[in-house]
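For reference, data.cif (mmCIF, C-alpha atoms (C1' of nucleotides)):
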data_structure
#
loop_
_atom_site.label_atom_id
_atom_site.label_comp_id
_atom_site.auth_asym_id
_atom_site.auth_seq_id
_atom_site.Cartn_x
_atom_site.Cartn_y
_atom_site.Cartn_z
CA MET X 1 0.00 0.00 0.00
CA LEU X 2 2.59 2.51 1.11
CA ASP X 3 5.17 0.80 -1.07
CA PHE X 4 2.88 1.27 -4.03
CA ALA X 5 2.28 4.91 -3.21
CA ILE X 6 6.00 5.59 -2.94
CA LEU X 7 6.72 3.92 -6.24
CA GLY X 8 3.97 5.99 -7.81
CA LEU X 9 5.52 9.22 -6.61
CA LEU X 10 8.98 8.15 -7.70
CA MET X 11 7.67 7.38 -11.21
CA GLU X 12 7.59 11.12 -11.66
CA ARG X 13 11.00 12.06 -10.34
CA PRO X 14 13.48 11.18 -7.59
CA ARG X 15 12.63 12.41 -4.12
CA HIS X 16 13.95 12.03 -0.61
CA GLY X 17 12.02 10.49 2.27
CA TYR X 18 10.69 13.59 3.91
CA GLU X 19 9.49 14.88 0.57
CA LEU X 20 7.65 11.65 -0.15
CA ARG X 21 5.90 11.97 3.16
CA ARG X 22 4.91 15.55 2.46
CA ALA X 23 3.66 14.73 -1.03
CA LEU X 24 1.54 11.90 0.30
CA GLY X 25 0.19 14.06 3.09
CA GLU X 26 -0.79 16.76 0.64
CA LEU X 27 -3.22 14.39 -1.05
CA GLY X 28 -5.24 14.93 2.11
CA PHE X 29 -6.38 11.47 3.09
CA TRP X 30 -3.26 10.00 4.66
CA LYS X 31 -0.69 11.41 7.06
CA VAL X 32 2.05 8.82 6.77
CA SER X 33 4.18 8.39 9.86
CA PHE X 34 7.96 8.07 9.87
CA GLY X 35 7.56 4.68 11.41
CA SER X 36 5.81 3.56 8.22
CA LEU X 37 7.87 5.54 5.75
CA TYR X 38 11.40 4.43 6.48
CA PRO X 39 10.65 0.72 6.83
CA SER X 40 8.80 0.96 3.53
CA LEU X 41 11.83 2.52 1.86
CA ARG X 42 14.03 -0.26 3.27
CA ARG X 43 11.66 -2.89 1.89
CA LEU X 44 11.69 -1.34 -1.55
CA GLU X 45 15.45 -0.99 -1.51
CA LYS X 46 15.89 -4.63 -0.55
CA ARG X 47 13.63 -5.69 -3.40
CA GLY X 48 15.69 -3.59 -5.78
CA ALA X 49 12.70 -1.42 -6.66
CA ILE X 50 14.41 1.83 -5.71
CA LYS X 51 17.94 2.97 -5.15
CA ALA X 52 19.27 5.65 -2.86
CA THR X 53 21.94 8.20 -3.64
CA LYS X 54 23.42 10.53 -1.02
CA VAL X 55 22.80 14.07 -1.99
CA SER X 56 24.03 16.61 0.53
CA GLY X 57 24.47 16.39 4.26
CA ARG X 58 22.19 13.66 5.52
CA ARG X 59 19.78 13.83 2.59
CA LYS X 60 19.23 10.79 0.41
CA ALA X 61 17.43 10.91 -2.89
CA TYR X 62 15.57 7.79 -3.93
CA GLU X 63 15.00 6.93 -7.54
CA ILE X 64 12.95 4.15 -9.04
CA THR X 65 14.71 1.35 -10.92
CA ARG X 66 13.61 -0.60 -14.01
CA GLU X 67 12.57 -3.37 -11.62
CA GLY X 68 10.60 -0.84 -9.58
CA ILE X 69 8.73 0.39 -12.62
CA ALA X 70 7.72 -3.17 -13.45
CA ILE X 71 6.44 -3.71 -9.90
CA PHE X 72 4.51 -0.46 -10.01
CA ASP X 73 2.86 -1.38 -13.31
CA THR X 74 1.85 -4.78 -11.98
CA LEU X 75 0.35 -3.32 -8.82
CA LEU X 76 -1.45 -0.60 -10.72
CA SER X 77 -3.06 -2.86 -13.30
CA THR X 78 -3.98 -5.66 -10.91
CA ASN X 79 -7.03 -4.68 -8.97
CA PRO X 80 -7.71 -7.08 -6.11
CA GLU X 81 -10.49 -9.66 -6.17
CA ALA X 82 -11.82 -8.55 -2.76
CA THR X 83 -13.18 -5.10 -1.99
CA GLU X 84 -10.47 -2.52 -1.68
CA THR X 85 -10.05 -0.42 1.44
CA ASP X 86 -10.90 3.26 1.22
CA ARG X 87 -7.28 4.21 1.33
CA GLY X 88 -6.36 1.51 -1.13
CA PHE X 89 -8.71 2.98 -3.66
CA GLN X 90 -7.59 6.53 -3.06
CA VAL X 91 -3.96 5.62 -3.60
CA ARG X 92 -4.87 3.77 -6.76
CA LEU X 93 -6.78 6.81 -7.94
CA ALA X 94 -3.83 9.07 -7.30
CA PHE X 95 -1.90 7.23 -10.00
CA LEU X 96 -4.78 6.40 -12.30
CA GLY X 97 -3.24 8.66 -14.92
CA HIS X 98 -0.72 5.92 -15.67
CA LEU X 99 -3.52 3.64 -16.87
CA PRO X 100 -5.22 3.87 -20.29
CA SER X 101 -8.51 5.73 -20.26
CA ASP X 102 -10.81 2.71 -20.60
CA ARG X 103 -9.12 0.97 -17.67
CA ARG X 104 -9.53 4.08 -15.57
CA ILE X 105 -13.26 4.00 -16.09
CA GLN X 106 -13.36 0.31 -15.19
CA VAL X 107 -11.60 0.96 -11.90
CA MET X 108 -13.91 3.82 -10.97
CA ASP X 109 -17.04 1.97 -12.05
CA ARG X 110 -16.16 -0.94 -9.89
CA ARG X 111 -15.56 1.29 -6.90
CA ARG X 112 -18.89 2.93 -7.57
CA ARG X 113 -20.68 -0.39 -7.44
CA GLU X 114 -18.99 -1.31 -4.18
CA LEU X 115 -19.95 2.00 -2.59
CA SER X 116 -23.56 1.58 -3.74
CA THR X 117 -23.73 -1.81 -2.06
CA GLN X 118 -22.30 -0.38 1.14
CA LEU X 119 -24.78 2.46 0.97
CA LYS X 120 -27.71 0.10 0.68
CA THR X 121 -26.76 -1.90 3.76
CA ALA X 122 -25.96 1.30 5.64
CA ARG X 123 -29.46 2.55 4.92
CA GLU X 124 -31.04 -0.62 6.28
CA ILE X 125 -28.92 -0.54 9.39
CA LEU X 126 -29.81 3.08 9.98
CA ILE X 127 -33.54 2.43 9.77
CA GLU X 128 -33.16 -0.43 12.20
CA ALA X 129 -31.05 1.68 14.55
CA ARG X 130 -33.43 4.62 14.52
CA SER X 131 -36.35 2.50 15.63
CA ALA X 132 -34.36 1.03 18.53
CA THR X 133 -32.89 4.29 19.78
CA LYS X 134 -32.58 5.04 23.46
CA ASN X 135 -31.71 8.72 22.98
CA GLU X 136 -28.48 7.88 24.76
CA ASP X 137 -27.20 6.88 21.31
CA ARG X 138 -28.01 10.17 19.60
CA TYR X 139 -24.39 10.56 18.60
CA ARG X 140 -24.13 7.04 17.33
CA ILE X 141 -27.04 7.65 15.00
CA ALA X 142 -25.53 10.95 13.92
CA LEU X 143 -22.33 9.13 13.10
CA MET X 144 -24.16 6.61 10.94
CA GLU X 145 -26.04 9.32 9.12
CA HIS X 146 -22.89 11.27 8.44
CA SER X 147 -21.07 8.23 7.20
CA MET X 148 -23.95 7.56 4.80
CA GLN X 149 -23.86 11.11 3.55
CA SER X 150 -20.14 10.85 2.99
CA THR X 151 -20.63 7.71 0.94
CA GLU X 152 -23.30 9.44 -1.12
CA ALA X 153 -20.95 12.34 -1.72
CA ASP X 154 -18.19 9.94 -2.73
CA ILE X 155 -20.46 8.32 -5.28
CA ALA X 156 -21.47 11.65 -6.75
CA TRP X 157 -17.84 12.65 -6.93
CA LEU X 158 -16.91 9.43 -8.70
CA ASP X 159 -19.70 10.02 -11.20
CA GLY X 160 -18.19 13.39 -11.94
CA LEU X 161 -14.76 11.89 -12.48
CA VAL X 162 -16.10 9.18 -14.76
CA ALA X 163 -18.05 11.73 -16.79
CA ALA X 164 -14.94 13.85 -17.16
CA GLU X 165 -12.92 10.85 -18.22
CA ARG X 166 -15.48 9.90 -20.83
CA GLY X 167 -15.45 13.46 -22.07
CA VAL X 168 -11.68 13.41 -22.49
CA ALA X 169 -11.84 9.95 -24.09
CA SER X 170 -14.44 10.98 -26.69
CA ALA X 171 -12.61 14.22 -27.42
CA THR X 172 -9.55 12.27 -28.54
CA MET L 1 -8.44 3.18 20.51
CA LEU L 2 -10.14 -0.14 19.87
CA ASP L 3 -9.95 -0.89 23.58
CA PHE L 4 -11.79 2.34 24.27
CA ALA L 5 -14.43 1.57 21.65
CA ILE L 6 -15.04 -1.88 23.07
CA LEU L 7 -15.40 -0.54 26.59
CA GLY L 8 -17.85 2.02 25.29
CA LEU L 9 -20.05 -0.62 23.73
CA LEU L 10 -19.88 -2.80 26.82
CA MET L 11 -21.01 0.13 28.97
CA GLU L 12 -24.42 -0.46 27.51
CA ARG L 13 -24.71 -4.21 27.91
CA PRO L 14 -22.63 -7.41 27.66
CA ARG L 15 -21.81 -8.60 24.17
CA HIS L 16 -19.69 -11.28 22.55
CA GLY L 17 -16.77 -10.60 20.24
CA TYR L 18 -18.45 -10.98 16.90
CA GLU L 19 -21.27 -8.72 18.02
CA LEU L 20 -18.81 -6.04 19.11
CA ARG L 21 -17.25 -6.18 15.69
CA ARG L 22 -20.61 -5.85 13.97
CA ALA L 23 -21.71 -2.98 16.18
CA LEU L 24 -18.49 -1.11 15.47
CA GLY L 25 -18.79 -1.79 11.76
CA GLU L 26 -22.33 -0.45 11.74
CA LEU L 27 -21.09 2.97 12.77
CA GLY L 28 -19.78 3.09 9.22
CA PHE L 29 -16.26 4.41 9.56
CA TRP L 30 -14.35 1.37 10.76
CA LYS L 31 -14.41 -2.27 9.75
CA VAL L 32 -12.49 -3.84 12.60
CA SER L 33 -10.60 -6.99 11.70
CA PHE L 34 -10.49 -10.12 13.82
CA GLY L 35 -6.79 -9.68 14.11
CA SER L 36 -7.45 -6.45 15.98
CA LEU L 37 -10.52 -7.50 17.88
CA TYR L 38 -9.38 -10.58 19.74
CA PRO L 39 -6.01 -9.24 20.85
CA SER L 40 -7.85 -6.18 22.13
CA LEU L 41 -10.22 -8.35 24.16
CA ARG L 42 -7.24 -10.23 25.61
CA ARG L 43 -5.60 -6.95 26.59
CA LEU L 44 -8.72 -5.73 28.32
CA GLU L 45 -9.20 -9.04 30.10
CA LYS L 46 -5.63 -9.00 31.35
CA ARG L 47 -6.12 -5.49 32.68
CA GLY L 48 -9.25 -6.64 34.48
CA ALA L 49 -11.39 -4.19 32.53
CA ILE L 50 -13.74 -6.84 31.21
CA LYS L 51 -14.59 -10.38 32.13
CA ALA L 52 -15.74 -13.22 29.92
CA THR L 53 -18.45 -15.75 30.70
CA LYS L 54 -19.12 -18.80 28.53
CA VAL L 55 -22.61 -18.64 27.20
CA SER L 56 -23.48 -21.49 24.85
CA GLY L 57 -21.33 -23.55 22.55
CA ARG L 58 -18.27 -21.48 21.73
CA ARG L 59 -19.84 -18.13 22.49
CA LYS L 60 -18.37 -15.94 25.17
CA ALA L 61 -20.12 -12.91 26.51
CA TYR L 62 -17.94 -10.08 27.76
CA GLU L 63 -19.06 -7.71 30.42
CA ILE L 64 -17.39 -4.60 31.72
CA THR L 65 -16.08 -4.56 35.29
CA ARG L 66 -15.99 -1.72 37.83
CA GLU L 67 -12.34 -1.29 36.90
CA GLY L 68 -13.30 -1.17 33.24
CA ILE L 69 -15.86 1.55 33.84
CA ALA L 70 -13.21 3.63 35.58
CA ILE L 71 -10.84 3.19 32.65
CA PHE L 72 -13.54 4.14 30.19
CA ASP L 73 -14.40 7.28 32.11
CA THR L 74 -10.78 8.33 32.24
CA LEU L 75 -10.27 7.78 28.51
CA LEU L 76 -13.49 9.57 27.66
CA SER L 77 -12.85 12.66 29.69
CA THR L 78 -9.16 13.01 28.83
CA ASN L 79 -8.80 14.47 25.42
CA PRO L 80 -5.23 14.32 24.15
CA GLU L 81 -2.94 17.31 23.94
CA ALA L 82 -2.03 16.57 20.31
CA THR L 83 -4.50 16.54 17.42
CA GLU L 84 -6.65 13.45 17.41
CA THR L 85 -6.83 11.14 14.42
CA ASP L 86 -10.02 11.09 12.39
CA ARG L 87 -10.95 7.73 13.77
CA GLY L 88 -10.00 8.75 17.25
CA PHE L 89 -12.46 11.59 17.13
CA GLN L 90 -15.22 9.51 15.63
CA VAL L 91 -14.92 6.88 18.33
CA ARG L 92 -14.97 9.60 20.96
CA LEU L 93 -18.06 11.05 19.38
CA ALA L 94 -19.80 7.69 19.40
CA PHE L 95 -19.75 7.76 23.19
CA LEU L 96 -20.10 11.47 23.70
CA GLY L 97 -23.48 10.85 25.30
CA HIS L 98 -21.67 9.72 28.44
CA LEU L 99 -20.23 13.21 28.92
CA PRO L 100 -22.13 16.19 30.35
CA SER L 101 -23.52 18.53 27.73
CA ASP L 102 -21.02 21.37 28.19
CA ARG L 103 -18.07 18.99 27.82
CA ARG L 104 -19.61 17.60 24.64
CA ILE L 105 -19.60 21.04 23.09
CA GLN L 106 -16.01 21.58 24.14
CA VAL L 107 -14.91 18.40 22.41
CA MET L 108 -16.73 19.24 19.20
CA ASP L 109 -15.57 22.83 19.20
CA ARG L 110 -12.01 21.77 19.49
CA ARG L 111 -12.35 19.33 16.64
CA ARG L 112 -13.94 22.07 14.59
CA ARG L 113 -10.95 24.33 15.13
CA GLU L 114 -8.56 21.59 14.10
CA LEU L 115 -10.48 20.88 10.93
CA SER L 116 -10.54 24.59 10.07
CA THR L 117 -6.78 24.75 10.35
CA GLN L 118 -6.38 21.71 8.16
CA LEU L 119 -8.76 23.21 5.66
CA LYS L 120 -6.77 26.40 5.44
CA THR L 121 -3.49 24.64 4.67
CA ALA L 122 -5.26 22.31 2.25
CA ARG L 123 -6.53 25.33 0.35
CA GLU L 124 -3.05 26.79 0.05
CA ILE L 125 -1.59 23.49 -1.09
CA LEU L 126 -4.32 23.12 -3.67
CA ILE L 127 -3.69 26.53 -5.17
CA GLU L 128 -0.01 25.75 -5.39
CA ALA L 129 -0.69 22.34 -6.94
CA ARG L 130 -3.09 23.70 -9.52
CA SER L 131 -0.55 26.16 -10.86
CA ALA L 132 2.10 23.44 -11.21
CA THR L 133 -0.09 20.83 -12.84
CA LYS L 134 1.20 18.68 -15.65
CA ASN L 135 -2.24 17.29 -16.56
CA GLU L 136 -0.77 13.90 -15.75
CA ASP L 137 -1.77 14.68 -12.16
CA ARG L 138 -5.41 15.37 -12.91
CA TYR L 139 -6.45 12.67 -10.49
CA ARG L 140 -4.14 13.88 -7.79
CA ILE L 141 -5.72 17.31 -7.96
CA ALA L 142 -9.18 15.74 -7.94
CA LEU L 143 -8.22 13.84 -4.81
CA MET L 144 -7.10 17.01 -3.06
CA GLU L 145 -10.27 18.82 -4.03
CA HIS L 146 -12.44 16.01 -2.81
CA SER L 147 -10.58 15.77 0.45
CA MET L 148 -11.13 19.50 0.96
CA GLN L 149 -14.81 19.17 0.24
CA SER L 150 -15.06 16.33 2.72
CA THR L 151 -13.45 18.45 5.38
CA GLU L 152 -15.87 21.27 4.64
CA ALA L 153 -18.76 18.86 4.94
CA ASP L 154 -17.39 17.55 8.22
CA ILE L 155 -17.23 21.07 9.60
CA ALA L 156 -20.78 21.83 8.56
CA TRP L 157 -21.92 18.58 10.12
CA LEU L 158 -20.17 19.40 13.37
CA ASP L 159 -21.82 22.79 13.41
CA GLY L 160 -25.16 21.05 13.16
CA LEU L 161 -24.33 18.75 16.05
CA VAL L 162 -23.17 21.61 18.23
CA ALA L 163 -26.29 23.60 17.46
CA ALA L 164 -28.46 20.62 18.35
CA GLU L 165 -26.55 20.12 21.57
CA ARG L 166 -26.98 23.76 22.55
CA GLY L 167 -30.67 23.44 21.77
CA VAL L 168 -31.01 20.46 24.08
CA ALA L 169 -28.94 22.16 26.74
CA SER L 170 -31.01 25.34 26.76
CA ALA L 171 -34.25 23.33 26.74
CA THR L 172 -33.34 21.69 30.05
"C1'" DC K 1 -34.57 -36.48 6.82
"C1'" DT K 2 -30.38 -35.60 5.43
"C1'" DC K 3 -26.79 -33.14 3.31
"C1'" DC K 4 -24.67 -28.98 2.25
"C1'" DA K 5 -24.14 -24.10 1.78
"C1'" DA K 6 -24.15 -19.96 4.27
"C1'" DC K 7 -23.73 -17.67 8.32
"C1'" DT K 8 -22.10 -17.16 13.05
"C1'" DA K 9 -18.21 -17.27 16.01
"C1'" DT K 10 -13.46 -17.60 18.01
"C1'" DA K 11 -8.73 -17.63 17.18
"C1'" DT K 12 -3.85 -16.98 15.39
"C1'" DC K 13 -0.02 -15.74 12.14
"C1'" DG K 14 3.00 -12.70 9.75
"C1'" DT K 15 3.17 -8.07 8.13
"C1'" DT K 16 2.15 -3.23 7.91
"C1'" DT K 17 1.26 0.98 10.04
"C1'" DC K 18 1.20 3.98 13.96
"C1'" DG K 19 2.77 7.34 17.41
"C1'" DA K 20 6.42 8.84 20.14
"C1'" DT K 21 10.87 9.95 20.43
"C1'" DA K 22 15.77 10.86 19.39
"C1'" DC K 23 18.92 13.29 17.10
"C1'" DA K 24 21.41 15.92 13.49
"C1'" DT K 25 21.58 19.91 10.13
"C1'" DC K 26 20.63 24.29 8.67
"C1'" DA K 27 18.48 29.22 8.34
"C1'" DG K 28 17.14 33.14 10.28
"C1'" DT K 29 17.19 36.32 14.07
"C1'" DA K 30 17.77 38.42 18.57
"C1'" DT I 1 26.98 33.89 19.75
"C1'" DA I 2 22.92 31.42 21.09
"C1'" DC I 3 18.15 30.34 20.32
"C1'" DT I 4 14.34 28.77 17.81
"C1'" DG I 5 11.95 26.49 14.29
"C1'" DA I 6 11.90 23.97 10.09
"C1'" DT I 7 14.00 20.15 7.65
"C1'" DG I 8 15.57 15.56 7.54
"C1'" DT I 9 16.71 10.46 8.81
"C1'" DA I 10 16.02 6.89 11.91
"C1'" DT I 11 14.25 3.39 15.45
"C1'" DC I 12 11.24 1.22 19.03
"C1'" DG I 13 7.30 -1.04 20.96
"C1'" DA I 14 2.57 -1.47 20.25
"C1'" DA I 15 -1.69 -1.49 17.58
"C1'" DA I 16 -4.17 -2.80 13.62
"C1'" DC I 17 -4.56 -5.29 9.35
"C1'" DG I 18 -5.69 -9.07 6.08
"C1'" DA I 19 -5.65 -13.81 5.37
"C1'" DT I 20 -6.64 -18.02 6.97
"C1'" DA I 21 -8.10 -22.07 9.99
"C1'" DT I 22 -11.61 -24.21 12.29
"C1'" DA I 23 -15.94 -25.38 14.33
"C1'" DG I 24 -20.88 -24.87 15.60
"C1'" DT I 25 -25.53 -23.59 13.95
"C1'" DT I 26 -29.26 -23.00 10.83
"C1'" DG I 27 -32.29 -23.20 6.92
"C1'" DG I 28 -33.51 -24.84 2.64
"C1'" DA I 29 -33.29 -28.28 -1.55
"C1'" DG I 30 -33.26 -32.76 -3.02
#
Could you express the structure from this file as structure tokens?
Amino acid sequence: MLDFAILGLLMERPRHGYELRRALGELGFWKVSFGSLYPSLRRLEKRGAIKATKVSGRRKAYEITREGIAIFDTLLSTNPEATETDRGFQVRLAFLGHLPSDRRIQVMDRRRRELSTQLKTAREILIEARSATKNEDRYRIALMEHSMQSTEADIAWLDGLVAAERGVASAT
Amino acid sequence: MLDFAILGLLMERPRHGYELRRALGELGFWKVSFGSLYPSLRRLEKRGAIKATKVSGRRKAYEITREGIAIFDTLLSTNPEATETDRGFQVRLAFLGHLPSDRRIQVMDRRRRELSTQLKTAREILIEARSATKNEDRYRIALMEHSMQSTEADIAWLDGLVAAERGVASAT
DNA sequence: CTCCAACTATATCGTTTCGATACATCAGTA
DNA sequence: TACTGATGTATCGAAACGATATAGTTGGAG
């Protein structure tokens, strides 16, 4: 997951650790900790996916290797048989530009279907919960409602992205 | 985090493991894995915060002890000096009903301030990112925008909750 | 009435990720 | 010069994850 994200960022250009962390953080959905970052870099180095070069002072720039590019491509184009985690999807989306347009739409469509399923069960659970409420659980209900609304917003957002992608695809 | 959540659910009534997992999952923001759940139950048992009683077949019902209630109260009323994680706040919110009304508002207000700060930096980052875009990163920008919108929605939602809480408070 | 598929339920294993902390370098500034 | 704050690499112990094993229970189809 983090390994994949790092490879994705390094596809663009070499970066050092701290910069990778910042770049990931700027996407907004994941504040990676140092305790995740450096072990991940070690893993990738050991697999030969990246290589480090001392730059200045203590700084090390990491660049992706041919091997690393191959790994990244495999990870990107293999979407898992089980439902992806929220973060898993978001990371995938961050690098969706590396996939051909039709594959992009496939990935987003699939996510859309999964979210719709979730939404349906969430609705049922909410109805059930509302009828059994002891007023003590006001905040629990509020949490469920908000989570549903977030999912709805996510779906709408995805629809927008898919529409845009189709627009670009038909324009070419 | 999970320990706290489990104690919170057990404050209500005894439950077995699987049920705890379901109840947590139904809140919508956290699908707890078995690999988290059972170790957490062991931890709590060892601390004397909960105790298990065999029910039927393999089922075990867990109930909270006096000690456990004390731990829960401490965790609930101590909010951390550093910024809480998203999930941390959501779990806290789930059990906010156990706090007096004025403390509830404090907790939510604080969260609101933190989100506002995040939002401000996110806005700056987005502006910067938009000007440097290579079109390759279309999806990265989309991700940032969506994350900002989610934060805005979260703030609005919090405002609603605070308003409702004030309403209840003044009605009593 | 039995078999079997699906669901409920507990548990563990190896790995990833987290949060806290340490520590070093460098820039600005008081 | 000395301090403060931002940048940068690193590690430690603990928490959480995802996959998998296994077993009991239940409801429906043959």
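Take C1' of DT8 in chain K and CA of Gly8 in chain L: the distance between them is 23.1 Å.
For the choices L:Glu165, L:Asp102, L:Asp137, L:Glu152, the atom-to-atom distance to Lys120 in chain L is smallest for L:Glu152 when using all atoms listed in the file.
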Could you name the residues that touch DT17 in chain K at 8 Å or less, counting only C-alpha atoms (C1' of nucleotides), but leaving out those on the same chain fewer than 4 positions away, as a list in words? Ser33, Gly35 and Ser36 of chain X; DA16 of chain I
Step by step, gather every atom of range 11-25 of chain K that the file lists, find the box along x, y and z that holds them, add 3 Å on each side, and finally give centre and edge lengths in Å to one decimal, as AutoDock Vina command-line options.
--center_x 6.4 --center_y 1.1 --center_z 14.2 --size_x 36.3 --size_y 43.5 --size_z 18.5
Could you list the residues chosen by the PyMOL selection byres ((chain K) within 12 of (chain L)) in this structure as a list in words? DT8, DA9, DT10, DA11, DT12, DC13, DG14, DT15, DC18, DG19 and DA20 of chain K
Taking C-alpha atoms (C1' of nucleotides) for each residue, export the selection above as a short mmCIF file (atom, residue, chain, number, x, y, z; two decimals), keeping the file's coordinate frame.
data_model
loop_
_atom_site.label_atom_id
_atom_site.label_comp_id
_atom_site.auth_asym_id
_atom_site.auth_seq_id
_atom_site.Cartn_x
_atom_site.Cartn_y
_atom_site.Cartn_z
"C1'" DT K 8 -22.10 -17.16 13.05
"C1'" DA K 9 -18.21 -17.27 16.01
"C1'" DT K 10 -13.46 -17.60 18.01
"C1'" DA K 11 -8.73 -17.63 17.18
"C1'" DT K 12 -3.85 -16.98 15.39
"C1'" DC K 13 -0.02 -15.74 12.14
"C1'" DG K 14 3.00 -12.70 9.75
"C1'" DT K 15 3.17 -8.07 8.13
"C1'" DC K 18 1.20 3.98 13.96
"C1'" DG K 19 2.77 7.34 17.41
"C1'" DA K 20 6.42 8.84 20.14
#
Point-to-point distance from CA of Gly88 in chain X to CA of Gln149 in chain X, Å rounded to tenths: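 Answer for the CA of Gly88 in chain X to CA of Gln149 in chain X separation: 20.5 Å.
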Counting all atoms listed in the file, a student should be able to say which residues of chain I come within 10 Å of chain X; what is the right answer, written as a short mmCIF file (atom, residue, chain, number, x, y, z; two decimals) with C-alpha atoms (C1' of nucleotides), keeping the file's coordinate frame?
data_model
loop_
_atom_site.label_atom_id
_atom_site.label_comp_id
_atom_site.auth_asym_id
_atom_site.auth_seq_id
_atom_site.Cartn_x
_atom_site.Cartn_y
_atom_site.Cartn_z
"C1'" DT I 7 14.00 20.15 7.65
"C1'" DG I 8 15.57 15.56 7.54
"C1'" DT I 9 16.71 10.46 8.81
"C1'" DA I 10 16.02 6.89 11.91
"C1'" DT I 11 14.25 3.39 15.45
"C1'" DC I 12 11.24 1.22 19.03
#
Rank X:Arg22, X:Ile105, X:Gly167, X:Ser150 by their smallest atom-to-atom distance to chain L, using only C-alpha atoms, and report the top residue only.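 Smallest distance to chain L is found for X:Ser150.
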Please identify all residues of chain X having at least one atom at most 9 Å from any atom of chain L, considering only C-alpha atoms, and return them as a PDB file with C-alpha atoms, keeping the file's coordinate frame.
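Saved file out32.pdb follows:
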ATOM      1  CA  GLU X  26      -0.790  16.760   0.640  1.00  0.00           C
ATOM      2  CA  LEU X  27      -3.220  14.390  -1.050  1.00  0.00           C
ATOM      3  CA  GLY X  28      -5.240  14.930   2.110  1.00  0.00           C
ATOM      4  CA  PHE X  29      -6.380  11.470   3.090  1.00  0.00           C
ATOM      5  CA  GLN X  90      -7.590   6.530  -3.060  1.00  0.00           C
ATOM      6  CA  LEU X  93      -6.780   6.810  -7.940  1.00  0.00           C
ATOM      7  CA  ALA X  94      -3.830   9.070  -7.300  1.00  0.00           C
ATOM      8  CA  PHE X  95      -1.900   7.230 -10.000  1.00  0.00           C
ATOM      9  CA  LEU X  96      -4.780   6.400 -12.300  1.00  0.00           C
ATOM     10  CA  GLY X  97      -3.240   8.660 -14.920  1.00  0.00           C
ATOM     11  CA  HIS X  98      -0.720   5.920 -15.670  1.00  0.00           C
ATOM     12  CA  ALA X 122     -25.960   1.300   5.640  1.00  0.00           C
ATOM     13  CA  ILE X 125     -28.920  -0.540   9.390  1.00  0.00           C
ATOM     14  CA  LEU X 126     -29.810   3.080   9.980  1.00  0.00           C
ATOM     15  CA  ASN X 135     -31.710   8.720  22.980  1.00  0.00           C
ATOM     16  CA  GLU X 136     -28.480   7.880  24.760  1.00  0.00           C
ATOM     17  CA  ASP X 137     -27.200   6.880  21.310  1.00  0.00           C
ATOM     18  CA  ARG X 138     -28.010  10.170  19.600  1.00  0.00           C
ATOM     19  CA  TYR X 139     -24.390  10.560  18.600  1.00  0.00           C
ATOM     20  CA  ARG X 140     -24.130   7.040  17.330  1.00  0.00           C
ATOM     21  CA  ILE X 141     -27.040   7.650  15.000  1.00  0.00           C
ATOM     22  CA  ALA X 142     -25.530  10.950  13.920  1.00  0.00           C
ATOM     23  CA  LEU X 143     -22.330   9.130  13.100  1.00  0.00           C
ATOM     24  CA  MET X 144     -24.160   6.610  10.940  1.00  0.00           C
ATOM     25  CA  GLU X 145     -26.040   9.320   9.120  1.00  0.00           C
ATOM     26  CA  HIS X 146     -22.890  11.270   8.440  1.00  0.00           C
ATOM     27  CA  SER X 147     -21.070   8.230   7.200  1.00  0.00           C
ATOM     28  CA  MET X 148     -23.950   7.560   4.800  1.00  0.00           C
ATOM     29  CA  SER X 150     -20.140  10.850   2.990  1.00  0.00           C
ATOM     30  CA  ALA X 153     -20.950  12.340  -1.720  1.00  0.00           C
ATOM     31  CA  ASP X 154     -18.190   9.940  -2.730  1.00  0.00           C
ATOM     32  CA  TRP X 157     -17.840  12.650  -6.930  1.00  0.00           C
ATOM     33  CA  LEU X 161     -14.760  11.890 -12.480  1.00  0.00           C
TER      34      LEU X 161
END
